[in-house]
Structure formats: structure tokens, C-alpha cells
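Novice: This is the content of query.csv (CSV, C-alpha atoms):
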chain,number,residue,atom,x,y,z
A,110,MET,CA,-23.9,-6.6,0.2
A,111,ILE,CA,-24.9,-3.1,1.3
A,112,MET,CA,-28.5,-3.8,0.4
A,113,MET,CA,-28.3,-7.2,2.2
A,114,ARG,CA,-27.1,-5.5,5.4
A,115,ILE,CA,-29.8,-2.8,5.2
A,116,THR,CA,-32.5,-5.5,4.7
A,117,PHE,CA,-31.0,-7.5,7.5
A,118,ASN,CA,-31.2,-4.5,9.9
A,119,VAL,CA,-34.8,-4.0,8.9
A,120,LEU,CA,-35.6,-7.7,9.6
A,121,MET,CA,-33.9,-7.5,13.1
A,122,SER,CA,-36.0,-4.4,14.0
A,123,LEU,CA,-39.2,-6.0,12.9
A,124,MET,CA,-38.4,-9.1,14.9
A,125,LEU,CA,-37.9,-7.0,18.0
A,126,LEU,CA,-41.1,-5.1,17.5
A,127,SER,CA,-43.0,-8.4,17.0
A,128,ASN,CA,-41.6,-10.0,20.2
A,129,GLY,CA,-42.5,-7.0,22.3
A,130,ALA,CA,-45.9,-6.2,20.7
A,131,VAL,CA,-47.9,-9.3,21.6
A,132,GLY,CA,-48.7,-10.5,25.0
A,133,PHE,CA,-50.8,-13.6,25.6
A,134,SER,CA,-53.1,-14.8,28.3
A,135,LEU,CA,-56.1,-17.2,28.3
A,136,HIS,CA,-58.9,-15.9,26.3
A,137,ASN,CA,-61.5,-17.8,28.5
A,138,SER,CA,-59.8,-17.1,31.8
A,139,VAL,CA,-61.9,-16.0,34.7
A,140,LYS,CA,-60.6,-13.2,36.9
A,141,MET,CA,-61.8,-13.7,40.5
A,142,GLN,CA,-62.1,-10.3,42.2
A,143,PRO,CA,-63.3,-9.8,45.8
A,144,LYS,CA,-66.4,-7.7,46.3
A,145,VAL,CA,-65.5,-4.5,48.2
A,146,ALA,CA,-68.0,-2.2,49.7
A,147,THR,CA,-67.4,1.4,48.7
A,148,PRO,CA,-68.8,4.6,50.1
A,149,GLY,CA,-71.0,4.9,47.0
A,150,SER,CA,-72.4,1.4,47.2
A,151,SER,CA,-76.0,0.6,48.0
A,152,THR,CA,-75.0,-1.8,50.8
A,153,SER,CA,-76.3,-0.6,54.1
A,154,SER,CA,-74.3,-0.8,57.4
A,155,ARG,CA,-76.9,-3.2,58.8
A,156,GLN,CA,-76.5,-5.5,55.8
A,157,MET,CA,-72.7,-5.4,56.2
A,158,VAL,CA,-72.9,-6.2,59.9
A,159,ALA,CA,-75.3,-9.0,59.2
A,160,SER,CA,-72.8,-10.4,56.7
A,161,ILE,CA,-70.0,-10.2,59.3
A,162,VAL,CA,-72.0,-12.0,62.0
A,163,GLU,CA,-73.4,-14.6,59.5
A,164,PRO,CA,-73.3,-18.1,61.1
A,165,PRO,CA,-70.4,-20.2,60.0
A,166,MET,CA,-70.8,-22.5,57.0
A,167,LYS,CA,-71.4,-26.2,57.4
A,168,ASP,CA,-68.6,-28.6,56.6
A,169,ASP,CA,-70.1,-29.6,53.2
A,170,GLN,CA,-70.4,-26.0,52.2
A,171,GLU,CA,-66.8,-25.3,53.1
A,172,LEU,CA,-65.7,-28.3,51.1
A,173,SER,CA,-67.7,-27.1,48.1
A,174,VAL,CA,-66.1,-23.6,48.3
A,175,ILE,CA,-62.6,-25.2,48.5
A,176,ASP,CA,-63.4,-27.4,45.5
A,177,ASP,CA,-64.5,-24.4,43.4
A,178,GLU,CA,-61.4,-22.4,44.3
A,179,PHE,CA,-59.2,-25.4,43.5
A,180,GLU,CA,-60.9,-25.9,40.2
A,181,ASN,CA,-60.3,-22.2,39.3
A,182,THR,CA,-56.7,-22.2,40.3
A,183,SER,CA,-55.8,-25.6,38.7
A,184,GLN,CA,-56.9,-24.7,35.2
A,185,LYS,CA,-53.9,-24.4,32.9
A,186,SER,CA,-53.0,-21.4,30.7
A,187,TYR,CA,-50.8,-21.3,27.7
A,188,LEU,CA,-48.0,-20.5,30.2
A,189,ASP,CA,-48.3,-23.9,31.9
A,190,ASP,CA,-47.4,-27.4,30.9
A,191,GLY,CA,-50.5,-29.4,29.9
A,192,PHE,CA,-52.2,-26.7,27.8
A,193,VAL,CA,-53.6,-29.4,25.5
A,194,PHE,CA,-57.1,-30.0,24.5
A,195,GLY,CA,-58.4,-33.2,26.2
A,196,LEU,CA,-56.4,-32.8,29.4
A,197,GLU,CA,-58.4,-32.2,32.5
A,198,GLY,CA,-58.0,-28.7,33.7
A,199,SER,CA,-56.2,-27.6,30.5
A,200,GLY,CA,-58.5,-24.5,30.3
A,201,LEU,CA,-59.4,-25.4,26.7
A,202,GLU,CA,-62.9,-26.2,25.4
A,203,ARG,CA,-64.0,-27.1,21.9
A,204,PRO,CA,-66.5,-24.5,20.6
A,205,LYS,CA,-69.7,-25.7,18.9
A,206,GLY,CA,-69.8,-25.4,15.2
A,207,LYS,CA,-67.1,-24.7,12.7
A,208,VAL,CA,-66.2,-21.2,14.0
A,209,ALA,CA,-62.9,-19.4,14.6
A,210,HIS,CA,-61.8,-19.6,18.2
A,211,VAL,CA,-58.7,-17.8,19.4
A,212,VAL,CA,-57.5,-19.5,22.6
A,213,VAL,CA,-55.1,-16.8,23.8
A,214,GLU,CA,-56.0,-13.2,24.4
A,215,GLY,CA,-54.1,-10.8,22.3
A,216,ASP,CA,-53.9,-13.2,19.3
A,217,PHE,CA,-55.9,-12.4,16.2
A,218,LEU,CA,-56.5,-13.6,12.6
A,219,GLU,CA,-55.7,-10.5,10.6
A,220,THR,CA,-52.2,-9.6,9.3
A,221,THR,CA,-50.6,-6.6,11.0
A,222,PRO,CA,-48.0,-4.3,9.3
A,223,VAL,CA,-45.3,-5.7,11.5
A,224,GLN,CA,-46.1,-9.3,10.6
A,225,PHE,CA,-46.2,-8.3,6.9
A,226,GLY,CA,-42.8,-6.7,7.3
A,227,ILE,CA,-41.3,-9.7,9.0
A,228,VAL,CA,-42.5,-12.2,6.3
A,229,ALA,CA,-41.8,-9.9,3.3
A,230,THR,CA,-38.3,-9.1,4.5
A,231,THR,CA,-37.5,-12.7,5.4
A,232,LEU,CA,-38.6,-14.1,2.1
A,233,ALA,CA,-37.0,-11.3,0.1
A,234,PHE,CA,-33.7,-11.8,1.9
A,235,GLN,CA,-33.9,-15.6,1.3
A,236,ALA,CA,-34.7,-15.1,-2.4
A,237,ALA,CA,-31.7,-12.8,-2.8
A,238,LEU,CA,-29.4,-15.4,-1.2
A,239,ALA,CA,-30.9,-18.1,-3.3
A,240,ALA,CA,-30.3,-16.0,-6.4
A,241,ALA,CA,-26.7,-15.4,-5.3
A,242,SER,CA,-26.2,-19.1,-4.9
A,243,LEU,CA,-27.6,-20.0,-8.3
A,244,TYR,CA,-25.4,-17.3,-9.9
A,245,SER,CA,-22.3,-18.9,-8.3
A,246,ILE,CA,-23.4,-22.3,-9.6
A,247,VAL,CA,-24.0,-21.0,-13.2
A,248,SER,CA,-20.8,-18.9,-13.3
A,249,SER,CA,-18.7,-21.9,-12.2
A,250,SER,CA,-20.1,-24.1,-15.1
A,251,SER,CA,-18.3,-24.1,-18.4
A,252,GLY,CA,-21.4,-24.9,-20.4
A,253,GLY,CA,-22.5,-28.1,-22.2
A,254,ILE,CA,-22.2,-31.3,-20.1
A,255,ASP,CA,-21.1,-29.2,-17.2
A,256,MET,CA,-24.3,-27.2,-17.3
A,257,VAL,CA,-26.4,-30.3,-17.5
A,258,SER,CA,-24.6,-31.7,-14.5
A,259,SER,CA,-25.1,-28.5,-12.5
A,260,THR,CA,-28.8,-28.5,-13.4
A,261,ALA,CA,-29.2,-32.1,-12.1
A,262,GLU,CA,-27.3,-31.1,-8.9
A,263,VAL,CA,-29.7,-28.2,-8.3
A,264,ALA,CA,-32.7,-30.4,-8.9
A,265,ALA,CA,-31.4,-33.0,-6.5
A,266,CYS,CA,-30.7,-30.3,-3.9
A,267,LEU,CA,-34.2,-29.0,-4.1
A,268,VAL,CA,-35.8,-32.5,-3.8
A,269,SER,CA,-33.6,-33.5,-0.9
A,270,SER,CA,-34.3,-30.3,0.9
A,271,TRP,CA,-38.1,-30.8,0.4
A,272,LEU,CA,-37.7,-34.3,1.9
A,273,ALA,CA,-35.7,-32.9,4.8
A,274,ALA,CA,-38.2,-30.1,5.4
A,275,ASP,CA,-41.0,-32.6,5.7
A,276,LEU,CA,-39.1,-34.6,8.3
A,277,GLY,CA,-38.1,-31.4,10.1
A,278,SER,CA,-41.7,-30.2,10.2
A,279,GLY,CA,-42.7,-33.5,11.8
A,280,ILE,CA,-40.0,-33.3,14.5
A,281,LEU,CA,-40.9,-29.6,15.2
A,282,HIS,CA,-44.6,-30.4,15.3
A,283,TRP,CA,-44.1,-33.4,17.7
A,284,SER,CA,-41.8,-31.4,20.0
A,285,VAL,CA,-44.1,-28.3,20.4
A,286,ASP,CA,-47.3,-30.5,20.7
A,287,ASN,CA,-45.7,-32.5,23.5
A,288,TYR,CA,-43.2,-30.4,25.4
A,289,GLY,CA,-42.9,-26.8,26.7
A,290,ASN,CA,-45.3,-24.0,27.2
A,291,GLY,CA,-45.8,-20.3,26.5
A,292,ARG,CA,-42.8,-19.4,28.8
A,293,THR,CA,-40.4,-21.5,26.8
A,294,PRO,CA,-37.7,-19.1,25.4
A,295,ILE,CA,-37.9,-18.2,21.7
A,296,MET,CA,-40.4,-21.0,20.9
A,297,GLY,CA,-43.0,-20.1,23.5
A,298,ASN,CA,-45.5,-18.5,21.1
A,299,ILE,CA,-45.2,-21.3,18.6
A,300,ILE,CA,-45.8,-23.9,21.3
A,301,ALA,CA,-48.9,-22.1,22.6
A,302,ALA,CA,-50.2,-21.8,19.0
A,303,PHE,CA,-49.7,-25.6,18.2
A,304,GLN,CA,-51.0,-26.9,21.6
A,305,GLY,CA,-54.1,-24.6,21.5
A,306,HIS,CA,-54.7,-25.6,17.8
A,307,HIS,CA,-56.3,-28.9,18.8
A,308,SER,CA,-59.2,-27.2,20.5
A,309,ALA,CA,-60.4,-25.4,17.3
A,310,PRO,CA,-58.4,-26.7,14.4
A,311,TRP,CA,-60.4,-24.9,11.8
A,312,THR,CA,-59.4,-21.5,13.2
A,313,ILE,CA,-56.2,-21.7,11.1
A,314,THR,CA,-58.3,-21.6,7.9
A,315,GLN,CA,-59.3,-18.0,8.7
A,316,ARG,CA,-55.8,-16.7,9.4
A,317,GLU,CA,-54.3,-14.4,6.8
A,318,PHE,CA,-51.1,-15.5,5.2
A,319,CYS,CA,-48.5,-13.4,7.1
A,320,ASN,CA,-50.4,-13.8,10.3
A,321,ASN,CA,-50.2,-17.6,9.8
A,322,VAL,CA,-46.5,-17.9,9.0
A,323,TYR,CA,-44.7,-15.0,10.7
A,324,LYS,CA,-43.9,-16.9,14.0
A,325,LEU,CA,-41.7,-19.3,12.0
A,326,CYS,CA,-39.6,-16.5,10.6
A,327,THR,CA,-37.6,-16.3,13.8
A,328,PRO,CA,-36.2,-19.9,13.8
A,329,PHE,CA,-36.2,-20.4,10.0
A,330,GLY,CA,-35.6,-16.9,8.8
A,331,LEU,CA,-33.2,-15.1,11.1
A,332,ALA,CA,-31.1,-18.1,12.1
A,333,PRO,CA,-30.2,-19.4,8.6
A,334,ILE,CA,-29.7,-15.8,7.3
A,335,LEU,CA,-27.1,-15.2,10.0
A,336,ILE,CA,-25.4,-18.5,9.3
A,337,ILE,CA,-25.2,-17.8,5.5
A,338,LEU,CA,-24.0,-14.2,5.9
A,339,GLY,CA,-21.5,-15.2,8.6
A,340,THR,CA,-19.9,-17.9,6.4
A,341,GLN,CA,-20.5,-16.3,3.0
A,342,SER,CA,-21.6,-19.8,1.9
A,343,PHE,CA,-23.6,-18.5,-1.1
A,344,ASP,CA,-20.2,-18.0,-2.8
A,345,SER,CA,-18.1,-20.8,-1.3
A,346,HIS,CA,-20.8,-23.6,-1.0
A,347,PRO,CA,-23.7,-22.5,-3.2
A,348,LEU,CA,-25.4,-25.9,-3.3
A,349,LEU,CA,-25.3,-26.2,0.5
A,350,THR,CA,-26.7,-22.7,0.8
A,351,LEU,CA,-29.5,-23.4,-1.7
A,352,PHE,CA,-30.4,-26.5,0.3
A,353,LEU,CA,-30.6,-24.5,3.6
A,354,ILE,CA,-32.6,-21.7,2.0
A,355,ASN,CA,-35.2,-24.1,0.4
A,356,PHE,CA,-35.4,-26.1,3.6
A,357,SER,CA,-36.1,-22.9,5.6
A,358,VAL,CA,-38.6,-21.5,3.2
A,359,LEU,CA,-40.6,-24.7,3.2
A,360,GLU,CA,-40.6,-24.8,7.0
A,361,ILE,CA,-42.0,-21.3,7.1
A,362,LEU,CA,-44.6,-22.1,4.4
A,363,SER,CA,-45.5,-25.4,6.2
A,364,GLN,CA,-48.1,-23.5,8.3
A,365,GLU,CA,-49.8,-22.5,5.1
A,366,PHE,CA,-49.7,-26.1,3.8
A,367,HIS,CA,-51.1,-27.0,7.2
A,368,LYS,CA,-53.9,-24.5,6.7
A,369,TRP,CA,-54.8,-25.9,3.3
A,370,SER,CA,-55.1,-29.4,4.8
A,371,HIS,CA,-57.9,-28.0,7.0
A,372,MET,CA,-59.8,-26.2,4.2
A,373,THR,CA,-62.4,-27.8,1.9
A,374,PRO,CA,-61.5,-28.1,-1.8
A,375,SER,CA,-63.9,-25.3,-2.6
A,376,GLU,CA,-62.0,-23.0,-0.2
A,377,CYS,CA,-58.6,-23.7,-1.8
A,378,PRO,CA,-57.2,-22.4,-5.1
A,379,TRP,CA,-57.4,-24.9,-7.9
A,380,TRP,CA,-53.6,-25.4,-8.1
A,381,VAL,CA,-53.6,-26.4,-4.4
A,382,ASN,CA,-56.1,-29.2,-5.1
A,383,ASP,CA,-55.1,-30.3,-8.6
A,384,ILE,CA,-51.3,-30.0,-8.4
A,385,LEU,CA,-49.8,-29.6,-4.9
A,386,GLN,CA,-52.1,-31.9,-2.9
A,387,LYS,CA,-52.9,-34.3,-5.8
A,388,PHE,CA,-49.2,-35.0,-6.4
A,389,LYS,CA,-48.4,-34.9,-2.7
A,390,VAL,CA,-46.1,-31.9,-2.9
A,391,THR,CA,-48.0,-30.6,0.2
A,392,ILE,CA,-49.9,-32.4,2.9
A,393,ASN,CA,-53.3,-33.6,2.0
A,394,ARG,CA,-56.5,-33.4,4.0
A,395,ALA,CA,-57.1,-37.1,4.8
A,396,PRO,CA,-53.6,-37.9,6.1
A,397,HIS,CA,-53.5,-34.8,8.3
A,398,ALA,CA,-57.0,-35.5,9.7
A,399,LYS,CA,-55.5,-38.7,11.3
A,400,HIS,CA,-53.4,-36.4,13.5
A,401,HIS,CA,-56.4,-34.7,15.0
A,402,MET,CA,-57.5,-37.7,16.9
A,403,ALA,CA,-56.5,-37.9,20.6
A,404,PRO,CA,-53.9,-38.4,21.9
A,405,TYR,CA,-52.4,-36.7,18.8
A,406,GLU,CA,-49.5,-39.2,18.8
A,407,GLY,CA,-48.7,-39.5,15.1
A,408,ASN,CA,-48.9,-38.0,11.6
A,409,TYR,CA,-46.9,-35.0,12.6
A,410,CYS,CA,-45.2,-34.1,9.3
A,411,ILE,CA,-47.0,-31.2,7.6
A,412,VAL,CA,-45.0,-30.2,4.6
A,413,SER,CA,-45.9,-33.2,2.4
A,414,GLY,CA,-46.5,-36.0,4.9
A,415,VAL,CA,-44.3,-38.3,2.9
A,416,HIS,CA,-42.5,-39.4,6.1
A,417,ASN,CA,-45.5,-40.0,8.3
A,418,GLU,CA,-46.1,-43.7,7.6
A,419,TRP,CA,-42.6,-44.9,8.4
A,420,LEU,CA,-42.2,-42.6,11.4
A,421,ASP,CA,-45.4,-44.0,13.0
A,422,ARG,CA,-44.7,-47.6,11.9
A,423,THR,CA,-41.3,-47.7,13.5
A,424,GLY,CA,-42.4,-45.8,16.6
A,425,PHE,CA,-39.8,-43.1,16.0
A,426,PHE,CA,-41.4,-40.5,18.2
A,427,ARG,CA,-42.2,-43.0,21.0
A,428,ARG,CA,-38.5,-43.9,21.1
A,429,LEU,CA,-37.6,-40.2,21.5
A,430,GLU,CA,-40.2,-39.8,24.2
A,431,HIS,CA,-38.8,-42.7,26.1
A,432,VAL,CA,-35.3,-41.4,25.8
A,433,ILE,CA,-36.4,-37.9,27.1
A,434,TYR,CA,-38.3,-39.6,30.0
A,435,LYS,CA,-35.2,-41.5,31.0
A,436,LEU,CA,-33.0,-38.4,30.9
A,437,ASN,CA,-35.2,-36.0,32.8
A,438,GLY,CA,-38.5,-37.7,33.8
A,439,VAL,CA,-40.6,-35.4,31.7
A,440,GLU,CA,-43.6,-37.1,30.1
A,441,SER,CA,-45.0,-36.2,26.7
A,442,ASN,CA,-48.5,-34.7,26.5
A,443,ALA,CA,-49.5,-37.8,24.4
A,444,TRP,CA,-48.7,-40.0,27.4
A,445,LYS,CA,-50.8,-37.8,29.6
A,446,LEU,CA,-53.8,-38.1,27.3
A,447,ASP,CA,-53.4,-41.9,26.9
A,448,GLU,CA,-52.3,-44.0,29.8
A,449,LYS,CA,-52.1,-47.2,27.6
A,450,LEU,CA,-49.8,-45.4,25.2
A,451,ARG,CA,-47.6,-44.5,28.2
A,452,GLU,CA,-47.5,-48.0,29.5
A,453,ARG,CA,-46.7,-49.5,26.0
A,454,THR,CA,-43.9,-47.0,25.5
A,455,LEU,CA,-42.3,-47.7,28.9
A,456,GLN,CA,-42.5,-51.4,28.1
A,457,GLY,CA,-40.6,-50.8,24.8
A,458,ASP,CA,-43.6,-51.3,22.5
A,459,TYR,CA,-43.1,-48.2,20.3
A,460,ARG,CA,-45.2,-49.0,17.2
A,461,LYS,CA,-48.5,-47.2,16.7
A,462,PRO,CA,-51.4,-49.7,16.8
A,463,VAL,CA,-53.1,-50.3,13.4
How does the structure come out when it is put into C-alpha cells?

Specialist:
Amino acid sequence: MIMMRITFNVLMSLMLLSNGAVGFSLHNSVKMQPKVATPGSSTSSRQMVASIVEPPMKDDQELSVIDDEFENTSQKSYLDDGFVFGLEGSGLERPKGKVAHVVVEGDFLETTPVQFGIVATTLAFQAALAAASLYSIVSSSSGGIDMVSSTAEVAACLVSSWLAADLGSGILHWSVDNYGNGRTPIMGNIIAAFQGHHSAPWTITQREFCNNVYKLCTPFGLAPILIILGTQSFDSHPLLTLFLINFSVLEILSQEFHKWSHMTPSECPWWVNDILQKFKVTINRAPHAKHHMAPYEGNYCIVSGVHNEWLDRTGFFRRLEHVIYKLNGVESNAWKLDEKLRERTLQGDYRKPV
């Protein structure tokens, strides 16, 4: 327990460092600065006077200037609602060619020591809690049939947590794609990353492992660790603890599964192609490619994608969007991209067209 406490303190310190170390702003933003004449400038006094007494602009010139200023100020940044590729004034453009394109300034593709520390500490801590849970399960078994039963329970626990993690990844993906912005507490940087991802989806393929997954260590690393330590559930409810740990680890790794679905077979390790994706343990390329068609209204699950078909067929997310709209009047980004989708949803037609 002393080692767990020390490791937990290290994790908390790394989280604080990460949250304070990275600031974001639009990578392609244009800073409009007035031109100011200085004593050292080459502008003569006669030229300055001429500019002052310059005849007033015509009406059409004034309107053109106003339109330009409005266009510059109406562009969205990751801090605004509507920072989604395809929305007018979103501030996002799709670059030509399959190149990495970071949409927010201050973001990068390489792993930093802080990111490595966050991911390594989180996964090490979760591995220790999983081992403690398994020890409690084994020590409580008397051997023979009891051990076989315990093994079956552990297997069922891992499979059910895998199914739950896929559903959880879909709900998370849907929520950050459609609601919130960079100012949203706790989840702001995750929201900015997911919403900006649609402008250059191949950028994720060039992110290093810890850089790619560290953002998810806050909701799926720190939170479950606090719950497990606070309740000592690895001793009192080891199966439930094992479920929560496996669920959390898969949610963190979902971004890596997501990355593989954007990579070509030659870019992935053989075991990703021939085992994980072939047997649908992780999300495959073709199913996830369907998500990257505007208005990005389906195929949200990115652990295995096993839930995508029934979620889209039943209109699960459209129903949630309709409920949210009734509660607070906020429209999803998918509605903003597709007026027909909005109309169908408001009329109660939730199913995704075939």
C-alpha cells in the first residue's frame, strides 16, 4: 500500500504538470495588428498627412471592409462551439495530401517526458490493482471445481468489460464530437482533439503512443484509481474491480485502436492485422471509415465497433440528441452539418438512412 500511495502521488503531480504545460490556440489563426508609424519608419510626414486627408471610401468599399472584418472575427477556434470540419466559419481546412496537420497551436506529435510519465504511471498502477484483484480471487478459491468456476468468472468479467468499453467509447466519441469546446472543464482538450480530427484524420497515425493516449488518463486513469483505493474494492469486490480496471484500460487504449484503423496494413504490426482486427477485437478500417463522412453522425464506437450497427439502426444517438435539445435547446454538431438530419430527428425519425 505504501508503494501504491507513492505511485499515486507521482501520478497526481504528472497530471498537474500536464494540465498546466499545454496551451492551445488555432494553428491557422490570423492575428490582425494595426500598422503604427514609428520614429524609425520610412513613412514621411507628407505621406502620413496624405493618408489622413484621404477621401472617404465609397459605400461598396466600406461594405467590403466590414465583410472582411466580420469574416475574420466569425471564424471559430477550438475554444468555440462549432469547431468542426465542414461547418462554415469553423476555422478548419483540410490540407492537400496525406500529411500530418495539427489544428491547434501548442499540440505536437512526439511524446514528452510528462506524457510518458502519466501513461506509464497510470498503466502500472492499474496493473498493480488488477494483480491484487486476481490474487484475492485465487486466494478465495479452494481449488478444483472452485478454481474452474473462478476462471470462468474472470473470463466473463473480461469479455463483458470489453463489450462495455466499446459502448462507452461510442458514447464518449459521440458526446465530444457533438457538444462542448476547448473551454469545457476537464474534457476540453479531448473535445478539441476529437472535433479537429475530422479535418486531417491521418494525423493520428503519426502520433507516438503516449502522446496519443495520455489525455484519456485523466478520466479513465485517475478517477477509477481513486474509486478503487477509496473503497478497497480489490479486496472486498475483486471481480468488480477487475471489470472497472479492464474497462478503463481499454478506454485509454481506444485511441491507439483508433489510430490503427487509420493506418494501412503495411504500417501496422502483423498481430494488429492478423489477430486483433481480423477477429474484431479492435476496430477495423472499413467500419471506422464510415464515420468519417459528413455529418459524422454514426459509427462512433472505436474499441471494437461491435455495437455500431445496432446503435445506428435504432437511432440511439439521435434519441439522445433530441432529449438534450428538449432539455436545453442545444443542437448537436451533426444537426448543424445536415439540416435534413435535424428535421428528421425533430420529427421523431431517429434511424440512420441505409

Novice: Please report the interatomic distance between CA of Lys449 (chain A) and CA of Tyr405 (chain A) in Å with one decimal.

Specialist: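 These two atoms are separated by 13.7 Å.
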
Novice: What gap, in Å, lies between CA of His401 (chain A) and CA of Asp447 (chain A)?

Specialist: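 Separation between CA of His401 (chain A) and CA of Asp447 (chain A): 14.2 Å.
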
Novice: May I have the residues within 10 Å of region 299-308 of chain A as a ChimeraX atom specification, using only C-alpha atoms and disregarding those fewer than 5 positions away in the same chain?

Specialist: /A:133,186-195,199-204,210-213,216,281-293,313,324-325,400-403,405,442

Novice: I'd like the neighbourhood of Thr221 (chain A) as a PyMOL selection string, where a residue qualifies if any of its atoms comes within 9 Å (using all atoms listed in the file), though same-chain residues fewer than 5 positions away should be ignored.

Specialist: chain A and resi 226+319-320

Novice: Produce the centre coordinates and the three edge lengths, each in Å to one decimal, of the box along x, y and z that contains all listed atoms of region 448-456 of chain A with 6 Å added on each side, as lines of an AutoDock Vina configuration file.

Specialist:
center_x = -47.3
center_y = -47.7
center_z = 27.5
size_x = 22.0
size_y = 19.4
size_z = 16.6

Novice: As a list of chain:residue names, please: the residues near Leu353 (chain A) (cut-off 9 Å, all atoms listed in the file, same-chain neighbours under 6 positions excluded).

Specialist: A:Ser270, A:Pro333, A:Ile337

Novice: Using only C-alpha atoms, which residue out of A:Gln235, A:Ala265, A:Tyr434, A:Thr220 lies closest to Leu348 (chain A)?

Specialist: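 Nearest to Leu348 (chain A): A:Ala265.
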